[in-house]
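See below for target-v1.txt, which holds compact mmCIF, C-alpha atoms.
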```txt
# COMPACT_ATOMS: atom_id res chain seq x y z
CA MET A 1 -29.48 -2.92 39.77
CA ALA A 2 -30.54 -5.16 36.91
CA HIS A 3 -31.78 -8.66 37.68
CA SER A 4 -29.73 -11.45 36.09
CA ASN A 5 -32.58 -14.01 36.02
CA SER A 6 -35.19 -13.61 33.31
CA SER A 7 -38.84 -14.54 33.88
CA ILE A 8 -39.22 -15.46 30.20
CA PRO A 9 -39.65 -19.25 29.83
CA VAL A 10 -36.82 -21.05 28.03
CA SER A 11 -39.40 -22.71 25.76
CA TYR A 12 -40.52 -19.28 24.54
CA VAL A 13 -36.94 -18.24 23.84
CA GLN A 14 -36.47 -21.43 21.79
CA TYR A 15 -39.70 -20.67 19.89
CA VAL A 16 -38.46 -17.18 19.04
CA GLN A 17 -35.10 -18.56 17.95
CA ASN A 18 -36.79 -21.11 15.69
CA SER A 19 -39.01 -18.40 14.21
CA SER A 20 -35.91 -16.33 13.58
CA ASN A 21 -34.46 -19.21 11.56
CA LEU A 22 -37.34 -18.77 9.12
CA PHE A 23 -36.57 -15.04 8.91
CA CYS A 24 -32.92 -15.86 8.24
CA ILE A 25 -33.80 -18.17 5.38
CA GLN A 26 -36.16 -15.69 3.77
CA THR A 27 -33.53 -12.95 4.13
CA LEU A 28 -31.00 -15.14 2.32
CA PHE A 29 -33.52 -16.02 -0.41
CA THR A 30 -34.42 -12.38 -0.97
CA ALA A 31 -30.85 -11.10 -1.08
CA CYS A 32 -29.92 -13.79 -3.62
CA GLU A 33 -32.94 -13.26 -5.84
CA LEU A 34 -32.57 -9.48 -5.84
CA GLY A 35 -28.95 -9.91 -6.90
CA VAL A 36 -27.31 -8.29 -3.87
CA PHE A 37 -24.27 -10.58 -3.78
CA ASP A 38 -23.70 -10.45 -7.54
CA HIS A 39 -24.00 -6.66 -7.54
CA LEU A 40 -21.48 -6.25 -4.74
CA ASP A 41 -19.17 -8.81 -6.35
CA ALA A 42 -19.18 -6.85 -9.61
CA SER A 43 -18.21 -3.63 -7.83
CA GLU A 44 -14.54 -2.75 -7.45
CA HIS A 45 -15.18 -1.25 -4.03
CA PRO A 46 -17.74 -1.44 -1.17
CA LEU A 47 -21.09 0.22 -1.85
CA SER A 48 -23.55 2.24 0.20
CA ALA A 49 -27.12 1.08 0.71
CA MET A 50 -28.25 3.89 -1.61
CA ALA A 51 -25.90 2.71 -4.37
CA VAL A 52 -27.09 -0.90 -4.03
CA ALA A 53 -30.74 0.20 -3.99
CA GLN A 54 -30.27 2.30 -7.13
CA GLY A 55 -28.38 -0.47 -8.89
CA LEU A 56 -31.05 -3.07 -8.12
CA SER A 57 -34.08 -0.77 -8.43
CA THR A 58 -35.30 -1.16 -4.85
CA SER A 59 -36.31 1.26 -2.13
CA LYS A 60 -33.46 2.71 -0.09
CA ASP A 61 -35.19 1.98 3.22
CA GLY A 62 -35.92 -1.64 2.33
CA MET A 63 -32.40 -2.22 1.06
CA GLU A 64 -30.83 -0.67 4.17
CA ARG A 65 -32.77 -3.11 6.34
CA LEU A 66 -31.91 -6.07 4.10
CA LEU A 67 -28.20 -5.23 4.03
CA SER A 68 -28.18 -4.70 7.79
CA ALA A 69 -29.74 -8.13 8.33
CA CYS A 70 -27.18 -9.67 5.97
CA VAL A 71 -24.41 -8.13 8.07
CA GLY A 72 -25.98 -9.68 11.17
CA LEU A 73 -26.07 -13.04 9.40
CA GLU A 74 -22.38 -12.60 8.51
CA LEU A 75 -23.17 -12.65 4.79
CA LEU A 76 -21.86 -9.08 4.34
CA THR A 77 -19.31 -6.82 5.99
CA THR A 78 -19.73 -3.11 6.61
CA GLN A 79 -17.28 -0.23 7.19
CA PRO A 80 -19.49 1.30 8.64
CA ILE A 81 -22.01 2.42 5.97
CA LEU A 82 -20.40 0.70 2.99
CA TYR A 83 -21.15 -2.92 2.25
CA SER A 84 -19.21 -5.78 0.66
CA ASN A 85 -19.44 -9.57 0.42
CA THR A 86 -17.80 -11.89 2.88
CA GLU A 87 -15.45 -14.48 1.41
CA MET A 88 -18.08 -17.18 1.94
CA SER A 89 -20.79 -15.16 0.17
CA THR A 90 -18.55 -14.61 -2.83
CA MET A 91 -17.82 -18.33 -2.98
CA PHE A 92 -21.35 -19.71 -2.53
CA LEU A 93 -23.87 -16.94 -3.27
CA THR A 94 -22.65 -15.34 -6.51
CA LYS A 95 -23.79 -16.85 -9.81
CA SER A 96 -20.32 -16.79 -11.36
CA SER A 97 -18.63 -18.89 -8.68
CA PRO A 98 -17.91 -22.55 -9.61
CA GLN A 99 -19.23 -23.48 -6.16
CA SER A 100 -22.31 -21.28 -6.40
CA LEU A 101 -25.43 -22.34 -4.50
CA TYR A 102 -27.47 -19.59 -6.13
CA HIS A 103 -29.62 -21.98 -8.18
CA SER A 104 -30.17 -24.25 -5.19
CA ILE A 105 -31.36 -21.27 -3.15
CA GLU A 106 -33.56 -20.02 -5.98
CA TYR A 107 -35.20 -23.44 -6.38
CA SER A 108 -35.75 -23.73 -2.64
CA SER A 109 -37.39 -20.30 -2.55
CA ASN A 110 -39.66 -20.67 -5.56
CA THR A 111 -40.51 -24.37 -5.54
CA ILE A 112 -39.66 -26.28 -2.37
CA TYR A 113 -41.00 -23.66 0.03
CA LEU A 114 -44.31 -23.50 -1.83
CA CYS A 115 -44.74 -27.22 -1.20
CA TRP A 116 -43.74 -26.81 2.45
CA HIS A 117 -46.55 -24.32 2.86
CA TYR A 118 -48.82 -27.38 2.72
CA LEU A 119 -46.83 -29.53 5.15
CA LYS A 120 -49.83 -29.86 7.45
CA ASP A 121 -51.89 -31.27 4.56
CA ALA A 122 -49.04 -33.61 3.58
CA VAL A 123 -48.88 -35.00 7.11
CA ARG A 124 -52.65 -35.49 7.22
CA GLU A 125 -52.90 -37.03 3.75
CA GLY A 126 -49.56 -38.82 3.53
CA LYS A 127 -48.83 -37.59 0.01
CA ASN A 128 -47.00 -34.82 -1.86
CA GLN A 129 -48.57 -31.41 -2.37
CA TYR A 130 -47.87 -30.49 -6.01
CA GLU A 131 -51.56 -30.20 -6.83
CA LYS A 132 -52.19 -27.63 -4.09
CA ALA A 133 -48.92 -25.77 -4.62
CA PHE A 134 -48.88 -25.64 -8.43
CA GLY A 135 -52.24 -26.94 -9.66
CA VAL A 136 -50.70 -29.96 -11.41
CA SER A 137 -51.36 -33.67 -10.92
CA SER A 138 -48.56 -35.65 -9.32
CA LYS A 139 -49.77 -39.03 -10.59
CA ASP A 140 -46.57 -39.04 -12.65
CA LEU A 141 -44.04 -37.58 -10.21
CA PHE A 142 -41.54 -36.27 -12.71
CA GLU A 143 -44.21 -34.86 -15.00
CA ALA A 144 -45.16 -32.71 -12.00
CA LEU A 145 -41.54 -31.95 -11.15
CA TYR A 146 -40.75 -31.06 -14.78
CA ARG A 147 -44.06 -29.29 -15.36
CA SER A 148 -42.38 -26.83 -17.72
CA ASP A 149 -39.05 -26.59 -19.51
CA GLU A 150 -38.13 -23.71 -17.22
CA GLU A 151 -38.81 -25.76 -14.09
CA MET A 152 -36.82 -28.67 -15.48
CA VAL A 153 -33.79 -26.47 -16.11
CA LYS A 154 -34.08 -24.99 -12.61
CA PHE A 155 -34.14 -28.47 -11.07
CA MET A 156 -31.13 -29.51 -13.15
CA GLN A 157 -29.27 -26.39 -12.04
CA LEU A 158 -30.14 -27.27 -8.43
CA MET A 159 -28.63 -30.75 -8.78
CA ASN A 160 -25.65 -29.32 -10.62
CA SER A 161 -24.85 -26.97 -7.73
CA VAL A 162 -25.25 -29.73 -5.13
CA TRP A 163 -22.87 -32.16 -6.85
CA ASN A 164 -20.36 -29.45 -7.73
CA ILE A 165 -19.82 -29.08 -3.99
CA CYS A 166 -20.50 -32.58 -2.62
CA GLY A 167 -19.76 -34.76 -5.63
CA LYS A 168 -16.03 -35.36 -5.18
CA ASP A 169 -16.46 -36.58 -1.60
CA VAL A 170 -19.22 -38.90 -2.78
CA LEU A 171 -17.18 -40.39 -5.63
CA THR A 172 -14.03 -40.89 -3.55
CA ALA A 173 -15.69 -42.49 -0.53
CA PHE A 174 -14.77 -45.81 -2.19
CA ASP A 175 -12.15 -46.61 -4.82
CA LEU A 176 -14.20 -46.90 -8.00
CA SER A 177 -11.24 -47.35 -10.34
CA PRO A 178 -11.98 -51.07 -10.98
CA PHE A 179 -15.28 -50.09 -12.63
CA LYS A 180 -14.67 -49.03 -16.23
CA SER A 181 -18.21 -48.77 -17.63
CA ILE A 182 -20.50 -46.73 -15.38
CA TYR A 183 -24.17 -45.82 -15.78
CA ASP A 184 -25.46 -42.84 -13.80
CA LEU A 185 -29.20 -43.50 -13.49
CA GLY A 186 -31.15 -40.25 -13.24
CA GLY A 187 -27.85 -38.47 -13.95
CA CYS A 188 -29.68 -35.21 -14.63
CA SER A 189 -27.23 -32.37 -15.45
CA GLY A 190 -24.19 -34.64 -15.64
CA ALA A 191 -22.34 -32.99 -12.76
CA LEU A 192 -21.50 -36.33 -11.14
CA ALA A 193 -20.54 -37.83 -14.50
CA LYS A 194 -18.08 -35.00 -15.13
CA LEU A 195 -16.49 -35.43 -11.72
CA CYS A 196 -16.37 -39.21 -12.15
CA VAL A 197 -14.38 -39.12 -15.41
CA SER A 198 -12.10 -36.53 -13.84
CA VAL A 199 -11.37 -38.58 -10.73
CA TYR A 200 -11.20 -41.91 -12.62
CA PRO A 201 -9.60 -41.19 -16.02
CA GLU A 202 -9.98 -44.77 -17.30
CA CYS A 203 -13.75 -44.95 -16.92
CA THR A 204 -16.60 -43.94 -19.20
CA VAL A 205 -19.92 -42.71 -17.85
CA THR A 206 -23.34 -42.86 -19.46
CA ILE A 207 -26.08 -40.59 -18.16
CA PHE A 208 -29.39 -42.48 -18.25
CA ASP A 209 -32.38 -40.17 -17.93
CA LEU A 210 -35.68 -39.16 -19.50
CA PRO A 211 -35.45 -37.98 -23.13
CA LYS A 212 -36.19 -34.32 -22.40
CA VAL A 213 -33.63 -34.34 -19.58
CA THR A 214 -30.83 -35.80 -21.71
CA GLU A 215 -31.64 -33.30 -24.49
CA THR A 216 -31.43 -30.41 -22.02
CA CYS A 217 -28.26 -31.86 -20.51
CA ARG A 218 -26.59 -31.95 -23.92
CA LYS A 219 -27.75 -28.42 -24.74
CA HIS A 220 -27.00 -26.63 -21.46
CA PHE A 221 -24.58 -28.68 -19.37
CA LEU A 222 -22.25 -30.80 -21.51
CA SER A 223 -19.62 -29.62 -23.98
CA ASP A 224 -17.63 -31.17 -26.83
CA GLU A 225 -14.82 -31.73 -24.35
CA ASP A 226 -16.87 -34.29 -22.41
CA VAL A 227 -15.82 -37.12 -24.73
CA ARG A 228 -16.01 -39.89 -22.11
CA ILE A 229 -19.60 -39.02 -21.20
CA SER A 230 -22.53 -40.28 -23.28
CA LEU A 231 -26.30 -39.96 -22.98
CA HIS A 232 -28.94 -42.67 -22.95
CA LYS A 233 -32.60 -41.68 -23.25
CA GLY A 234 -35.03 -43.80 -21.29
CA ASP A 235 -37.23 -44.45 -18.27
CA PHE A 236 -35.37 -46.70 -15.83
CA PHE A 237 -38.62 -48.20 -14.57
CA LYS A 238 -39.96 -49.08 -18.02
CA ASP A 239 -36.94 -49.56 -20.28
CA THR A 240 -34.17 -52.17 -20.35
CA LEU A 241 -30.96 -51.18 -18.63
CA PRO A 242 -27.75 -51.89 -20.59
CA ASP A 243 -25.00 -53.97 -18.98
CA ALA A 244 -22.43 -52.02 -16.95
CA ASP A 245 -19.74 -52.52 -14.33
CA LEU A 246 -21.28 -49.98 -11.96
CA PHE A 247 -24.61 -48.23 -11.62
CA ILE A 248 -24.78 -44.96 -9.68
CA LEU A 249 -28.09 -44.00 -8.05
CA ALA A 250 -27.40 -40.64 -6.41
CA ARG A 251 -30.42 -39.32 -4.51
CA ILE A 252 -32.73 -41.53 -6.57
CA LEU A 253 -34.22 -44.15 -4.26
CA HIS A 254 -35.35 -41.57 -1.72
CA ASP A 255 -37.89 -40.36 -4.31
CA TRP A 256 -39.79 -43.65 -4.37
CA LYS A 257 -41.86 -46.06 -2.29
CA GLU A 258 -40.22 -49.33 -1.28
CA GLU A 259 -41.87 -51.44 -3.98
CA ARG A 260 -40.48 -49.20 -6.73
CA CYS A 261 -37.03 -49.24 -5.11
CA ILE A 262 -37.11 -53.04 -5.16
CA LEU A 263 -38.19 -53.04 -8.82
CA LEU A 264 -35.34 -50.73 -9.82
CA LEU A 265 -32.66 -52.50 -7.77
CA ASP A 266 -33.74 -55.84 -9.24
CA LYS A 267 -33.28 -54.42 -12.76
CA VAL A 268 -29.89 -52.99 -11.79
CA TYR A 269 -28.74 -56.32 -10.37
CA LYS A 270 -29.65 -58.18 -13.54
CA SER A 271 -27.76 -55.62 -15.69
CA CYS A 272 -24.64 -55.60 -13.51
CA LYS A 273 -21.71 -57.45 -15.02
CA PRO A 274 -20.14 -60.18 -12.84
CA GLY A 275 -18.11 -58.47 -10.14
CA GLY A 276 -20.00 -55.25 -10.78
CA GLY A 277 -21.97 -53.22 -8.31
CA VAL A 278 -24.26 -50.36 -7.44
CA LEU A 279 -23.39 -47.11 -5.66
CA LEU A 280 -26.16 -45.43 -3.69
CA VAL A 281 -25.86 -41.86 -2.41
CA GLU A 282 -28.39 -40.87 0.24
CA ALA A 283 -28.83 -38.90 3.46
CA LEU A 284 -29.16 -41.66 6.06
CA LEU A 285 -31.30 -41.63 9.17
CA SER A 286 -29.68 -42.99 12.32
CA GLU A 287 -30.64 -46.50 13.39
CA ASP A 288 -32.12 -45.28 16.71
CA ASN A 289 -34.25 -42.55 15.03
CA SER A 290 -32.38 -39.82 16.94
CA GLY A 291 -31.21 -37.89 13.86
CA PRO A 292 -29.44 -36.41 12.10
CA VAL A 293 -31.81 -33.49 11.88
CA THR A 294 -30.80 -32.78 8.26
CA ALA A 295 -31.94 -36.23 7.15
CA GLN A 296 -35.09 -35.97 9.27
CA LEU A 297 -36.02 -32.68 7.58
CA TYR A 298 -35.11 -34.11 4.17
CA SER A 299 -37.57 -36.92 4.86
CA LEU A 300 -40.31 -34.36 5.48
CA ASN A 301 -39.29 -32.72 2.22
CA MET A 302 -39.72 -36.05 0.46
CA LEU A 303 -43.23 -36.18 1.90
CA VAL A 304 -44.27 -32.80 0.50
CA GLN A 305 -42.48 -33.28 -2.84
CA THR A 306 -42.19 -36.96 -3.79
CA GLU A 307 -43.47 -40.49 -3.19
CA GLY A 308 -40.49 -41.49 -1.07
CA ARG A 309 -38.63 -40.93 2.18
CA GLU A 310 -35.16 -40.93 3.69
CA ARG A 311 -34.12 -44.29 5.13
CA LYS A 312 -31.67 -45.94 7.52
CA GLY A 313 -28.57 -47.75 6.38
CA SER A 314 -30.12 -51.05 7.50
CA GLU A 315 -33.17 -50.40 5.31
CA TYR A 316 -31.02 -49.87 2.22
CA THR A 317 -28.98 -52.96 3.11
CA ARG A 318 -32.20 -54.99 3.24
CA LEU A 319 -33.38 -53.63 -0.13
CA LEU A 320 -30.01 -54.38 -1.74
CA SER A 321 -29.85 -57.88 -0.27
CA ALA A 322 -33.38 -58.61 -1.49
CA ALA A 323 -32.25 -57.71 -5.02
CA GLY A 324 -29.32 -60.13 -4.75
CA PHE A 325 -26.43 -57.81 -3.92
CA SER A 326 -23.83 -58.85 -1.36
CA SER A 327 -20.90 -57.22 0.43
CA VAL A 328 -22.83 -54.05 1.31
CA HIS A 329 -20.52 -51.31 2.60
CA ILE A 330 -21.60 -47.92 4.00
CA HIS A 331 -19.30 -44.92 4.25
CA SER A 332 -19.96 -41.31 5.29
CA ALA A 333 -19.10 -38.74 2.62
CA GLY A 334 -19.14 -35.54 4.62
CA HIS A 335 -21.77 -33.93 6.81
CA ILE A 336 -24.86 -34.70 4.70
CA TYR A 337 -24.53 -37.74 2.47
CA SER A 338 -23.51 -41.34 2.93
CA VAL A 339 -22.41 -43.69 0.17
CA ILE A 340 -23.41 -47.35 -0.05
CA LEU A 341 -21.47 -49.73 -2.30
CA ALA A 342 -22.98 -53.16 -2.92
CA LEU A 343 -21.40 -55.80 -5.13
CA LYS A 344 -22.80 -58.54 -7.33
CA GLY A 345 -21.30 -61.76 -6.04
```
Any chance you could put this one into structure tokens?
Amino acid sequence: MAHSNSSIPVSYVQYVQNSSNLFCIQTLFTACELGVFDHLDASEHPLSAMAVAQGLSTSKDGMERLLSACVGLELLTTQPILYSNTEMSTMFLTKSSPQSLYHSIEYSSNTIYLCWHYLKDAVREGKNQYEKAFGVSSKDLFEALYRSDEEMVKFMQLMNSVWNICGKDVLTAFDLSPFKSIYDLGGCSGALAKLCVSVYPECTVTIFDLPKVTETCRKHFLSDEDVRISLHKGDFFKDTLPDADLFILARILHDWKEERCILLLDKVYKSCKPGGGVLLVEALLSEDNSGPVTAQLYSLNMLVQTEGRERKGSEYTRLLSAAGFSSVHIHSAGHIYSVILALKG
């Protein structure tokens, strides 16, 4: 008779489970980058492992194992030797889907994970790891981040995919209809700007970003139909900010040390029209430091990649109050991000 009690320590089981999470992530990365989900999506019927391997120029044995693992992760279905996408994979993992996370996954695999390889050094040194990971100086953070045109486009595609999924919840957490002129600082690909003019038809949005970013945005992400979106080239730390009713800083302040956050918020306050405000979008840490784990891990990611960190709602309230803003309101916008609206009294 089999014994029901295992002698294996629970702590070891947890270690194995955590190690398996890494395997899961790498399996997802590999399937995306090889084009498994796109290939199956393009087929009119389920495919065998041999057919997928031939179509993607891989070994049959390796592809069989990869597809099997994807079935176990519920990314694919099988019947029993033919494979097809699940509904969720078609929605989030194929390049053609409007809600595709393909570019986010690709960026995580080829950029973020290389920095995380040096997490131990980041913890010891207290600084990002671009020099070790990519051989580039990070004295100017965004020169390191945009170290080539290709990397810049990949980062912009990453942000585009994030806001295409989370953006509407972020922009509707508060009623922004009273704000007619809006500046999206560090607006990147313009995904939030597009959603903003869609949700609030009477507003205009200006994307304020570095010259090479706005040029790439115009070339790759905006169209002639985006008539209520304009571009403003500049560095928001160095250049004057135009007057506006509302400034949006979506995942901006978490990139920077506190003194730079204060500098930027002070500039924003001075450029806000009377009755105007600022909208921050960030992943907030709980006040008792107990979580959420997503924000805690994001804060480690800020360590390996940027100069900043994730913060608590009370910390952002203090920074906003120091800049002169009043009536600070915090609202959750889904499972990851929170939105903070502060008004100029």
Please provide as a PDB file with C-alpha atoms, in the coordinates of the input all residues within 9 Å of range 339-344 of chain A, with the sequence filter that same-chain residues fewer than 5 positions apart are discarded (counting all atoms listed in the file).
```
ATOM      1  CA  VAL A 170     -19.220 -38.900  -2.780  1.00  0.00           C
ATOM      2  CA  LEU A 171     -17.180 -40.390  -5.630  1.00  0.00           C
ATOM      3  CA  ALA A 173     -15.690 -42.490  -0.530  1.00  0.00           C
ATOM      4  CA  PHE A 174     -14.770 -45.810  -2.190  1.00  0.00           C
ATOM      5  CA  LEU A 246     -21.280 -49.980 -11.960  1.00  0.00           C
ATOM      6  CA  ALA A 250     -27.400 -40.640  -6.410  1.00  0.00           C
ATOM      7  CA  TYR A 269     -28.740 -56.320 -10.370  1.00  0.00           C
ATOM      8  CA  CYS A 272     -24.640 -55.600 -13.510  1.00  0.00           C
ATOM      9  CA  LYS A 273     -21.710 -57.450 -15.020  1.00  0.00           C
ATOM     10  CA  PRO A 274     -20.140 -60.180 -12.840  1.00  0.00           C
ATOM     11  CA  GLY A 275     -18.110 -58.470 -10.140  1.00  0.00           C
ATOM     12  CA  GLY A 276     -20.000 -55.250 -10.780  1.00  0.00           C
ATOM     13  CA  GLY A 277     -21.970 -53.220  -8.310  1.00  0.00           C
ATOM     14  CA  VAL A 278     -24.260 -50.360  -7.440  1.00  0.00           C
ATOM     15  CA  LEU A 279     -23.390 -47.110  -5.660  1.00  0.00           C
ATOM     16  CA  LEU A 280     -26.160 -45.430  -3.690  1.00  0.00           C
ATOM     17  CA  VAL A 281     -25.860 -41.860  -2.410  1.00  0.00           C
ATOM     18  CA  GLU A 282     -28.390 -40.870   0.240  1.00  0.00           C
ATOM     19  CA  ALA A 283     -28.830 -38.900   3.460  1.00  0.00           C
ATOM     20  CA  GLY A 313     -28.570 -47.750   6.380  1.00  0.00           C
ATOM     21  CA  TYR A 316     -31.020 -49.870   2.220  1.00  0.00           C
ATOM     22  CA  THR A 317     -28.980 -52.960   3.110  1.00  0.00           C
ATOM     23  CA  LEU A 320     -30.010 -54.380  -1.740  1.00  0.00           C
ATOM     24  CA  SER A 321     -29.850 -57.880  -0.270  1.00  0.00           C
ATOM     25  CA  GLY A 324     -29.320 -60.130  -4.750  1.00  0.00           C
ATOM     26  CA  PHE A 325     -26.430 -57.810  -3.920  1.00  0.00           C
ATOM     27  CA  SER A 326     -23.830 -58.850  -1.360  1.00  0.00           C
ATOM     28  CA  SER A 327     -20.900 -57.220   0.430  1.00  0.00           C
ATOM     29  CA  VAL A 328     -22.830 -54.050   1.310  1.00  0.00           C
ATOM     30  CA  HIS A 329     -20.520 -51.310   2.600  1.00  0.00           C
ATOM     31  CA  ILE A 330     -21.600 -47.920   4.000  1.00  0.00           C
ATOM     32  CA  HIS A 331     -19.300 -44.920   4.250  1.00  0.00           C
ATOM     33  CA  SER A 332     -19.960 -41.310   5.290  1.00  0.00           C
ATOM     34  CA  ALA A 333     -19.100 -38.740   2.620  1.00  0.00           C
TER      35      ALA A 333
END
```
Lys168 in chain A environment, 9 Å, only C-alpha atoms, sequence neighbours closer than 3 positions dropped, as a PDB file with C-alpha atoms, keeping the file's coordinate frame:
```pdb
ATOM      1  CA  TRP A 163     -22.870 -32.160  -6.850  1.00  0.00           C
ATOM      2  CA  ASN A 164     -20.360 -29.450  -7.730  1.00  0.00           C
ATOM      3  CA  ILE A 165     -19.820 -29.080  -3.990  1.00  0.00           C
ATOM      4  CA  LEU A 171     -17.180 -40.390  -5.630  1.00  0.00           C
ATOM      5  CA  THR A 172     -14.030 -40.890  -3.550  1.00  0.00           C
ATOM      6  CA  ALA A 173     -15.690 -42.490  -0.530  1.00  0.00           C
ATOM      7  CA  LEU A 192     -21.500 -36.330 -11.140  1.00  0.00           C
ATOM      8  CA  LEU A 195     -16.490 -35.430 -11.720  1.00  0.00           C
ATOM      9  CA  CYS A 196     -16.370 -39.210 -12.150  1.00  0.00           C
ATOM     10  CA  VAL A 199     -11.370 -38.580 -10.730  1.00  0.00           C
TER      11      VAL A 199
END
```
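What separates CA of Glu307 in chain A from CA of His254 in chain A is a distance of 8.3 Å.
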Using only C-alpha atoms, find each residue of range 132-213 of chain A with at least one atom at most 9 Å away from an atom of range 105-108 of chain A; report its shortest atom-to-atom pair and that distance in Å (one decimal), sort the rows by chain and rising residue number, and return the result as JSON lines.
```
{"residue": "A:Glu151", "atom": "CA", "partner": "A:Tyr107", "partner_atom": "CA", "distance": 8.8}
{"residue": "A:Lys154", "atom": "CA", "partner": "A:Tyr107", "partner_atom": "CA", "distance": 6.5}
{"residue": "A:Phe155", "atom": "CA", "partner": "A:Tyr107", "partner_atom": "CA", "distance": 7.0}
{"residue": "A:Gln157", "atom": "CA", "partner": "A:Tyr107", "partner_atom": "CA", "distance": 8.7}
{"residue": "A:Leu158", "atom": "CA", "partner": "A:Tyr107", "partner_atom": "CA", "distance": 6.7}
```
Atoms to include: C-alpha atoms. Write the selected residues as a compact mmCIF listing (two decimals), in the frame of the given file.
```
# COMPACT_ATOMS: atom_id res chain seq x y z
CA GLU A 151 -38.81 -25.76 -14.09
CA LYS A 154 -34.08 -24.99 -12.61
CA PHE A 155 -34.14 -28.47 -11.07
CA GLN A 157 -29.27 -26.39 -12.04
CA LEU A 158 -30.14 -27.27 -8.43
```
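You will find CA of Cys115 in chain A at 10.4 Å from CA of Thr306 in chain A.
You will find CA of Ile248 in chain A at 22.5 Å from CA of Gln99 in chain A.
Comparing the minimum interatomic distances between Arg65 in chain A and each of A:Cys217, A:Leu303, A:Cys166, A:Ala53, counting all atoms listed in the file, we find that A:Ala53 sits nearest.
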